[in-house]
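What follows is a short report on a single structure.
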Amino acid sequence: MAADPVRSLIVALDTDRLSLAKSLVARLRRQVRLFKVGSQLFTAEGPRAVQELARFGAGIFLDLKFHDIPNTVAGAVSGTAALPGVRLITVHALGGLEMMSAARRALPASPNRPELLAVTVLTSHDAASLRRVGIARSPAEQVIRLARLAQQAGLDGVVASPREVAAIRRACGKNFLIVVPGVRPSWAIRGDQARVATPAETIRAGADYLVVGRPITAARDPRAAANRILDEISGALV
C-alpha cells in the first residue's frame, strides 16, 4: 500500500474536452500526481490528449480497457506504452489468459515501463446485472477469479471495486497492485456506481490507488475537494 496519500490519489478526467482536462490538471498538479484519461477523452482527442497533459508533468493512467484478439491488444499496448507520461494501462481481464499474456509481452523491457492492469468487474455491475450477461458468480467471486488469472498472465495488478480489495489482497499478495474506482466520500453523490466505499474504507482494505472523478472535478473548488480526500486518505494510513 502507498504510504503517501498524494501518491494514492488518481483524478479521473472524464470529459471529452481537452481544454477542461488541461485546466483541471493545471489546478490540481501540485496535489495530484496521476490523472486518468479514459475512452471519452481519448476518443475525442486521441493521443494528443496524453501528449498535452504530459507537458504539465502529469502521470497518466490510460484507462482504455483493451479487449480484442491477442495480437490486436498487444499492438495497442505497445503503441500506448510509448506515449509520454503513461504510467498505468488497462486491458480487460475477460479477454482471457492468452490476450493478457500477449499484452504483457508487448511492454518494453525497461524498469520505467508502464504498469499493466486488468479490469475485473466494472463498478457499475451488481449480481443481477452479471446474471443478465450470463455470469452466475457473484461480483466478488468473479473478481477474484479474474485477478488470479491476471496475475498468472504476469500483469502488475487489477482494477476492482472497493468491496473486493481485501479479498484480492489475500488472494494475490502484497505486491499486486490494486486500483480502485467507485470511491465516493461520504459527502459526495453516489452517481451510477453500484459497489462503492469511502476513501478511508478503501485504503484500510489494502488499495494502492483510488480513482476519484466527479467528487473532485465537478466540485465548485476542485482543489479543496481534493484536499478533503487527501486528508481522509492520510488519516487511514496512520
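Labels used: A, B, ... for chains in the order of the C-alpha cells, numbers from 1 for residues in each chain, and numbers from 1 for ligands as shown.
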
- Task: Using DSSP on the backbone, list every residue of range 17-216 of chain A that comes out as strand (DSSP E or B), and give them as a PyMOL selection string.
- Result: chain A and resi 34-38+59-66+86-92+115-119+157-159+177-180+183+197+209-212

For the residues in that selection, give me N, CA and C atoms as a short mmCIF file (atom, residue, chain, number, x, y, z; two decimals), in the first residue's frame.
data_model
loop_
_atom_site.label_atom_id
_atom_site.label_comp_id
_atom_site.auth_asym_id
_atom_site.auth_seq_id
_atom_site.Cartn_x
_atom_site.Cartn_y
_atom_site.Cartn_z
N LEU A 34 -1.16 11.67 -10.55
CA LEU A 34 -1.68 10.82 -11.61
C LEU A 34 -3.09 11.25 -12.00
N PHE A 35 -3.34 11.27 -13.31
CA PHE A 35 -4.65 11.62 -13.83
C PHE A 35 -5.10 10.53 -14.80
N LYS A 36 -6.38 10.18 -14.71
CA LYS A 36 -6.91 9.14 -15.59
C LYS A 36 -7.45 9.74 -16.87
N VAL A 37 -6.97 9.21 -17.99
CA VAL A 37 -7.54 9.51 -19.30
C VAL A 37 -8.27 8.25 -19.75
N GLY A 38 -9.58 8.35 -19.93
CA GLY A 38 -10.38 7.21 -20.34
C GLY A 38 -10.84 7.33 -21.77
N GLY A 59 1.47 12.38 -14.54
CA GLY A 59 1.49 10.97 -14.88
C GLY A 59 0.11 10.56 -15.35
N ILE A 60 0.04 9.68 -16.33
CA ILE A 60 -1.23 9.33 -16.95
C ILE A 60 -1.60 7.86 -16.66
N PHE A 61 -2.79 7.68 -16.16
CA PHE A 61 -3.42 6.37 -16.06
C PHE A 61 -4.30 6.25 -17.31
N LEU A 62 -3.83 5.51 -18.30
CA LEU A 62 -4.55 5.41 -19.57
C LEU A 62 -5.51 4.22 -19.49
N ASP A 63 -6.75 4.54 -19.23
CA ASP A 63 -7.75 3.52 -18.93
C ASP A 63 -8.64 3.28 -20.15
N LEU A 64 -8.12 2.52 -21.11
CA LEU A 64 -8.86 2.24 -22.35
C LEU A 64 -9.43 0.82 -22.40
N LYS A 65 -9.10 0.01 -21.41
CA LYS A 65 -9.70 -1.33 -21.24
C LYS A 65 -9.65 -2.15 -22.54
N PHE A 66 -8.48 -2.30 -23.10
CA PHE A 66 -8.34 -3.03 -24.36
C PHE A 66 -8.90 -4.45 -24.22
N VAL A 86 2.74 8.07 -19.67
CA VAL A 86 1.84 6.97 -19.34
C VAL A 86 2.48 6.08 -18.28
N ARG A 87 1.78 5.91 -17.15
CA ARG A 87 2.28 5.12 -16.03
C ARG A 87 1.48 3.85 -15.81
N LEU A 88 0.20 3.87 -16.17
CA LEU A 88 -0.67 2.71 -15.99
C LEU A 88 -1.51 2.53 -17.24
N ILE A 89 -1.69 1.27 -17.68
CA ILE A 89 -2.50 0.93 -18.86
C ILE A 89 -3.44 -0.20 -18.46
N THR A 90 -4.66 -0.18 -18.99
CA THR A 90 -5.60 -1.26 -18.68
C THR A 90 -5.98 -2.09 -19.89
N VAL A 91 -6.14 -3.38 -19.62
CA VAL A 91 -6.79 -4.30 -20.56
C VAL A 91 -7.96 -4.92 -19.80
N HIS A 92 -8.85 -5.60 -20.51
CA HIS A 92 -9.99 -6.22 -19.84
C HIS A 92 -9.68 -7.68 -19.55
N GLU A 115 2.92 0.26 -15.95
CA GLU A 115 2.42 -0.95 -15.31
C GLU A 115 1.09 -1.32 -15.95
N LEU A 116 0.87 -2.63 -16.09
CA LEU A 116 -0.28 -3.14 -16.82
C LEU A 116 -1.28 -3.72 -15.84
N LEU A 117 -2.53 -3.27 -15.97
CA LEU A 117 -3.60 -3.67 -15.07
C LEU A 117 -4.73 -4.33 -15.85
N ALA A 118 -5.38 -5.29 -15.20
CA ALA A 118 -6.57 -5.92 -15.79
C ALA A 118 -7.82 -5.40 -15.09
N VAL A 119 -8.77 -4.95 -15.86
CA VAL A 119 -10.07 -4.57 -15.32
C VAL A 119 -10.86 -5.86 -15.06
N GLY A 157 -1.24 -5.82 -11.79
CA GLY A 157 -2.33 -5.65 -10.86
C GLY A 157 -3.66 -5.63 -11.56
N VAL A 158 -4.67 -5.18 -10.82
CA VAL A 158 -6.04 -5.16 -11.34
C VAL A 158 -6.75 -3.87 -10.97
N VAL A 159 -7.85 -3.64 -11.65
CA VAL A 159 -8.81 -2.60 -11.29
C VAL A 159 -10.04 -3.31 -10.77
N LEU A 177 -0.69 -4.81 -7.50
CA LEU A 177 -1.35 -3.51 -7.44
C LEU A 177 -2.87 -3.64 -7.50
N ILE A 178 -3.54 -2.84 -6.68
CA ILE A 178 -5.00 -2.78 -6.72
C ILE A 178 -5.40 -1.32 -6.89
N VAL A 179 -6.03 -1.03 -8.02
CA VAL A 179 -6.51 0.31 -8.35
C VAL A 179 -8.02 0.29 -8.25
N VAL A 180 -8.57 1.27 -7.53
CA VAL A 180 -9.98 1.20 -7.17
C VAL A 180 -10.75 2.43 -7.63
N VAL A 183 -14.90 5.10 -5.83
CA VAL A 183 -14.64 5.64 -4.48
C VAL A 183 -15.45 6.92 -4.33
N ALA A 197 -17.32 2.63 -1.85
CA ALA A 197 -16.88 2.79 -0.48
C ALA A 197 -16.21 4.15 -0.36
N TYR A 209 -4.18 2.50 -5.10
CA TYR A 209 -4.61 3.75 -5.74
C TYR A 209 -6.13 3.87 -5.69
N LEU A 210 -6.61 5.09 -5.47
CA LEU A 210 -8.03 5.39 -5.53
C LEU A 210 -8.28 6.31 -6.72
N VAL A 211 -9.28 5.99 -7.53
CA VAL A 211 -9.64 6.83 -8.67
C VAL A 211 -10.90 7.60 -8.31
N VAL A 212 -10.79 8.92 -8.32
CA VAL A 212 -11.91 9.79 -7.95
C VAL A 212 -12.13 10.78 -9.08
#

- Quick one: DSSP alpha helix (DSSP H) residues in range 60-224 of chain A, as JSON, numbers by chain? {"A": [70, 71, 72, 73, 74, 75, 76, 77, 78, 79, 80, 81, 97, 98, 99, 100, 101, 102, 103, 104, 105, 127, 128, 129, 130, 131, 132, 139, 140, 141, 142, 143, 144, 145, 146, 147, 148, 149, 150, 151, 152, 165, 166, 167, 168, 169, 170, 171, 172, 199, 200, 201, 202, 203, 204, 205, 214, 215, 216, 217, 222, 223, 224]}

- Task: Give the answer as one residue: which of A:Ala140, A:Ile216, A:Ala74, A:Ala160 has the shortest atom-to-atom distance to Asp14 in chain A, using only C-alpha atoms?
- Result: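 The shortest atom-to-atom distance to Asp14 in chain A comes from A:Ile216.
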
- Tell me, as JSON, numbers by chain, which residues lie within 8 Å of Leu83 in chain A, counting only C-alpha atoms; anything in the same chain fewer than 2 positions away does not count. {"A": [47, 50, 51, 79, 80, 81, 85, 86]}

- Nearby residues (only C-alpha atoms) at most 10 Å from Lys22 in chain A, same-chain spacing under 6 positions excluded, as a list in words: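 Surrounding residues, per the criterion: Leu13, Leu28, Ala49, Glu52, Leu53, Ala54, Arg55 and Phe56 of chain A.
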
- Show which residues sit within 8 Å of range 143-146 of chain A, as a list in words. Count only C-alpha atoms, and ignore same-chain residues fewer than 2 positions away.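 Once the nearby chain positions are removed, what remains is Ala93, Leu94, Thr120, Val121, Pro139, Ala140, Glu141, Arg148, Leu149, Ala150, Ala160, Glu164, Ala167, Ile168 and Ala171 of chain A.
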
- Item | Who sits within 12 Å of range 221-226 of chain A, only C-alpha atoms, same chain under 5 positions skipped, as JSON, numbers by chain | {"A": [5, 6, 8, 9, 10, 11, 12, 23, 24, 25, 26, 27, 28, 29, 30, 31, 32, 33, 184, 185, 187, 188, 199, 210, 211, 212, 213, 214, 215, 216, 231, 232, 233]}

- Message: Can you measure CA of Ala21 in chain A to CA of Ala82 in chain A for me? One decimal in Å is fine.
- Response: 21.0 Å

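Here the question is which of A:Ile135, A:Met100, A:Arg17, A:Leu130 gets nearest to Ala147 in chain A using only C-alpha atoms, and that residue is A:Met100.
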
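Of the residues listed (A:Pro84, A:Ala128, A:Gln152, A:Glu45), A:Pro84 shows the shortest atom-to-atom separation from Gly57 in chain A; distances use only C-alpha atoms.
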